[in-house]
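Working notes for the structure below.
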Amino acid sequence: DLHSFPTRRSSDLHIGGGLNRYDPAQKRVTVFRHEAANPRSLPADGVMSLLEDSRGRIWAGTYGGGLARLDGDANAFVGLALGGDRVTVLAEDSKGRLWVGTDGSGLNVLEPDVGVIWRFRHDPRDAHSVGADVIYALHVAHDGSVWVGTRGAGLDRIRIPEGGFARATIENYAEGHGLPDLTVYGIRPDRAGGLWLSTNHGLARFDPAAGRARAYHRAHGDRKSTRLNSSHPYRS
């Protein structure tokens, strides 16, 4: 599978499947692949997510190799330790912190120059923990809230108060709030402040102010034909 990600601060186009960087000005492609004998190569060829942060650095989340940052000058990668090696989604907040969703290891918060500073994990004994440890989608809202799409536990909203991560509050939204399904693959905001969610049972528009979702199904509620997966959230 290939997913393309135009960067925000250059005209280069980064394309997953290994990692291929296309320079349109030079009409040149640089190919990055995992090399077992090279510790500074791409840590795995399965690139699930890419992010260019506010400082222009490229981060690659891989399936099986964890998180790595591209050292552009050396055309090499620097790996960063996480709680798991299957990275599914990346986001950056207004403070420059990276939020790293994983498949099975919850949600990591990383200071790029420090390392992981907090981990959110599902705790079945705590109704206010993240809903699941498999994270498919992240969205950082203007108010600083972080919205989290999970596998099998719906949508979470994380708020970090002035007291820091230890005082974080987590709210969960599920089928009782109008979600058509409990697996959320993608989250995209609209200009009216709503969040569009892609799920196994079609699209839903979530209203954060009301805490409710409205589902949109094909063929007047035929949910069998509306399955969306993790490739659907991307837009050009």
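In the structure tokens, each chain is lettered A, B, ... as it comes, each chain's residues begin at 1, and ligands are numbered from 1 in order of appearance.
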Next on the checklist: Would you pick out the contacts of Arg40 in chain A at 9 Å or less, using only C-alpha atoms, so that residues sharing its chain but fewer than 3 positions from it are not included, and give the list as a PyMOL selection string?
Outcome noted: chain A and resi 34-35+43+76-79
Checklist entry - Can you list, as a count of residues only, every protein, DNA or RNA residue that comes within 7 Å of Arg121 in chain A when you count only C-alpha atoms, leaving out same-chain residues fewer than 4 positions away? => result 5
Checklist entry - So which one's closest to Val134 in chain A, A:Val29, A:Val89, A:Val109, A:Ala168? Using only C-alpha atoms, please. => result A:Val89
Next on the checklist: I'd like the neighbourhood of Ser41 in chain A as an NGL selection string, where a residue qualifies if any of its atoms comes within 12 Å (using only C-alpha atoms), though same-chain residues fewer than 3 positions away should be ignored.
Outcome noted: :A and (18-19 or 31-38 or 44-45 or 60 or 65 or 68-71 or 74-79)
Produce a file of the selected residues containing N, CA and C atoms, as a JSON list (two decimals), in the first residue's frame.
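Output contents, as saved in selection.json:
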[["chain", "number", "residue", "atom", "x", "y", "z"],
["A", 18, "GLY", "N", 8.10, 1.40, 2.15],
["A", 18, "GLY", "CA", 9.42, 1.92, 2.42],
["A", 18, "GLY", "C", 9.16, 3.41, 2.55],
["A", 19, "LEU", "N", 10.06, 4.24, 2.18],
["A", 19, "LEU", "CA", 9.83, 5.69, 2.13],
["A", 19, "LEU", "C", 10.56, 6.25, 0.93],
["A", 31, "VAL", "N", 15.11, 6.92, -2.32],
["A", 31, "VAL", "CA", 14.41, 5.76, -1.76],
["A", 31, "VAL", "C", 15.09, 5.36, -0.45],
["A", 32, "PHE", "N", 14.27, 5.22, 0.60],
["A", 32, "PHE", "CA", 14.76, 4.75, 1.91],
["A", 32, "PHE", "C", 14.13, 3.39, 2.19],
["A", 33, "ARG", "N", 14.96, 2.43, 2.52],
["A", 33, "ARG", "CA", 14.49, 1.08, 2.86],
["A", 33, "ARG", "C", 15.18, 0.60, 4.13],
["A", 34, "HIS", "N", 14.55, -0.38, 4.76],
["A", 34, "HIS", "CA", 15.20, -0.98, 5.92],
["A", 34, "HIS", "C", 16.36, -1.85, 5.47],
["A", 35, "GLU", "N", 17.50, -1.71, 6.14],
["A", 35, "GLU", "CA", 18.68, -2.53, 5.89],
["A", 35, "GLU", "C", 19.11, -3.13, 7.23],
["A", 36, "ALA", "N", 19.05, -4.43, 7.33],
["A", 36, "ALA", "CA", 19.33, -5.10, 8.60],
["A", 36, "ALA", "C", 20.70, -4.77, 9.16],
["A", 37, "ALA", "N", 21.67, -4.57, 8.30],
["A", 37, "ALA", "CA", 23.04, -4.31, 8.75],
["A", 37, "ALA", "C", 23.32, -2.83, 9.01],
["A", 38, "ASN", "N", 22.32, -1.98, 8.78],
["A", 38, "ASN", "CA", 22.53, -0.53, 8.93],
["A", 38, "ASN", "C", 21.58, 0.02, 9.99],
["A", 44, "ALA", "N", 11.82, 0.01, 9.52],
["A", 44, "ALA", "CA", 10.97, -1.03, 8.93],
["A", 44, "ALA", "C", 10.37, -0.46, 7.65],
["A", 45, "ASP", "N", 10.08, -1.32, 6.69],
["A", 45, "ASP", "CA", 9.55, -0.85, 5.41],
["A", 45, "ASP", "C", 8.07, -0.53, 5.45],
["A", 60, "ALA", "N", 8.75, 9.32, 10.90],
["A", 60, "ALA", "CA", 8.14, 8.16, 10.26],
["A", 60, "ALA", "C", 7.71, 7.17, 11.34],
["A", 65, "GLY", "N", 8.98, -1.35, 13.46],
["A", 65, "GLY", "CA", 10.26, -0.68, 13.72],
["A", 65, "GLY", "C", 10.13, 0.56, 14.59],
["A", 68, "ALA", "N", 10.86, 6.88, 14.04],
["A", 68, "ALA", "CA", 12.20, 7.37, 13.67],
["A", 68, "ALA", "C", 12.09, 8.76, 13.07],
["A", 69, "ARG", "N", 13.16, 9.54, 13.26],
["A", 69, "ARG", "CA", 13.25, 10.87, 12.68],
["A", 69, "ARG", "C", 14.29, 10.86, 11.56],
["A", 70, "LEU", "N", 13.94, 11.48, 10.45],
["A", 70, "LEU", "CA", 14.86, 11.55, 9.33],
["A", 70, "LEU", "C", 15.87, 12.66, 9.56],
["A", 71, "ASP", "N", 17.14, 12.30, 9.54],
["A", 71, "ASP", "CA", 18.22, 13.28, 9.57],
["A", 71, "ASP", "C", 18.48, 13.67, 8.13],
["A", 74, "ALA", "N", 22.03, 13.86, 6.60],
["A", 74, "ALA", "CA", 22.75, 12.60, 6.42],
["A", 74, "ALA", "C", 21.94, 11.57, 5.65],
["A", 75, "ASN", "N", 20.66, 11.90, 5.34],
["A", 75, "ASN", "CA", 19.77, 10.93, 4.71],
["A", 75, "ASN", "C", 19.75, 9.62, 5.49],
["A", 76, "ALA", "N", 19.66, 9.75, 6.81],
["A", 76, "ALA", "CA", 19.64, 8.59, 7.69],
["A", 76, "ALA", "C", 18.58, 8.82, 8.76],
["A", 77, "PHE", "N", 18.26, 7.77, 9.51],
["A", 77, "PHE", "CA", 17.19, 7.84, 10.50],
["A", 77, "PHE", "C", 17.73, 7.66, 11.91],
["A", 78, "VAL", "N", 17.09, 8.36, 12.84],
["A", 78, "VAL", "CA", 17.40, 8.23, 14.26],
["A", 78, "VAL", "C", 16.17, 7.64, 14.94],
["A", 79, "GLY", "N", 16.31, 6.47, 15.53],
["A", 79, "GLY", "CA", 15.19, 5.82, 16.19],
["A", 79, "GLY", "C", 14.94, 6.37, 17.57]]
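Candidate residues A:Gly64, A:Gly152, A:Gly186, A:Gly115 were compared for distance to Ala204 in chain A, and the nearest is A:Gly186, using only C-alpha atoms.
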Next on the checklist: I need the strand (DSSP E or B) residues of range 2-227 of chain A per DSSP on the backbone, written as a PyMOL selection string.
Outcome noted: chain A and resi 4-6+13-16+19-23+28-32+47-52+58-63+66-71+76-80+86-92+98-103+107-111+115-120+134-140+146-150+155-159+169-173+184-189+195-199+202-207+212-216
Next on the checklist: Can you pull out the residues contacting Gly154 in chain A? Cut-off 9 Å, using only C-alpha atoms, and skip same-chain residues under 6 positions away; I want them as a VMD selection string.
Outcome noted: chain A and resid 131 to 132 148 172 to 175 179 181 to 184
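Taking CA of Pro189 in chain A and CA of Pro24 in chain A as the two end points, the separation is 29.3 Å.
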Checklist entry - Which polymer residues have any atom within 9 Å of an atom of Ser94 in chain A, counting only C-alpha atoms, with same-chain residues fewer than 5 positions away left out, as a list in words? => result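 So, after excluding close chain neighbours, the residues are Ser54, Val140, His142 and Gly144 of chain A.
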Save the residues we just selected, N, CA, C and O atoms, as a PDB file, in the first residue's frame?
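Contents of out-v1.pdb, as written:
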ATOM      1  N   SER A  54       6.604  21.248  13.303  1.00  0.00           N
ATOM      2  CA  SER A  54       6.681  22.700  13.152  1.00  0.00           C
ATOM      3  C   SER A  54       8.104  23.197  12.952  1.00  0.00           C
ATOM      4  O   SER A  54       8.309  24.350  12.570  1.00  0.00           O
ATOM      5  N   VAL A 140      -5.556  17.154  16.959  1.00  0.00           N
ATOM      6  CA  VAL A 140      -5.333  18.169  17.982  1.00  0.00           C
ATOM      7  C   VAL A 140      -6.202  19.375  17.639  1.00  0.00           C
ATOM      8  O   VAL A 140      -6.030  20.005  16.592  1.00  0.00           O
ATOM      9  N   HIS A 142      -8.107  23.217  18.229  1.00  0.00           N
ATOM     10  CA  HIS A 142      -7.613  24.558  18.520  1.00  0.00           C
ATOM     11  C   HIS A 142      -7.573  24.845  20.014  1.00  0.00           C
ATOM     12  O   HIS A 142      -6.752  25.644  20.477  1.00  0.00           O
ATOM     13  N   GLY A 144      -6.685  22.834  22.267  1.00  0.00           N
ATOM     14  CA  GLY A 144      -5.687  21.986  22.902  1.00  0.00           C
ATOM     15  C   GLY A 144      -6.150  20.578  23.189  1.00  0.00           C
ATOM     16  O   GLY A 144      -5.326  19.720  23.546  1.00  0.00           O
TER      17      GLY A 144
END
Item to check | Spatial neighbours of Thr30 in chain A, 8 Å, only C-alpha atoms, chain gap at least 6 places, as a PyMOL selection string | outcome: chain A and resi 20-22
Item to check | Residues of range 96-229 of chain A in helix (DSSP H, G or I), written as JSON, numbers by chain | outcome: {"A": [165, 166, 167, 175, 176, 177, 223, 224, 225]}
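Considering the residues A:Ala166, A:Val100, A:Leu82, A:Leu155 and counting only C-alpha atoms, Gly211 in chain A has its shortest atom-to-atom contact with A:Leu155.
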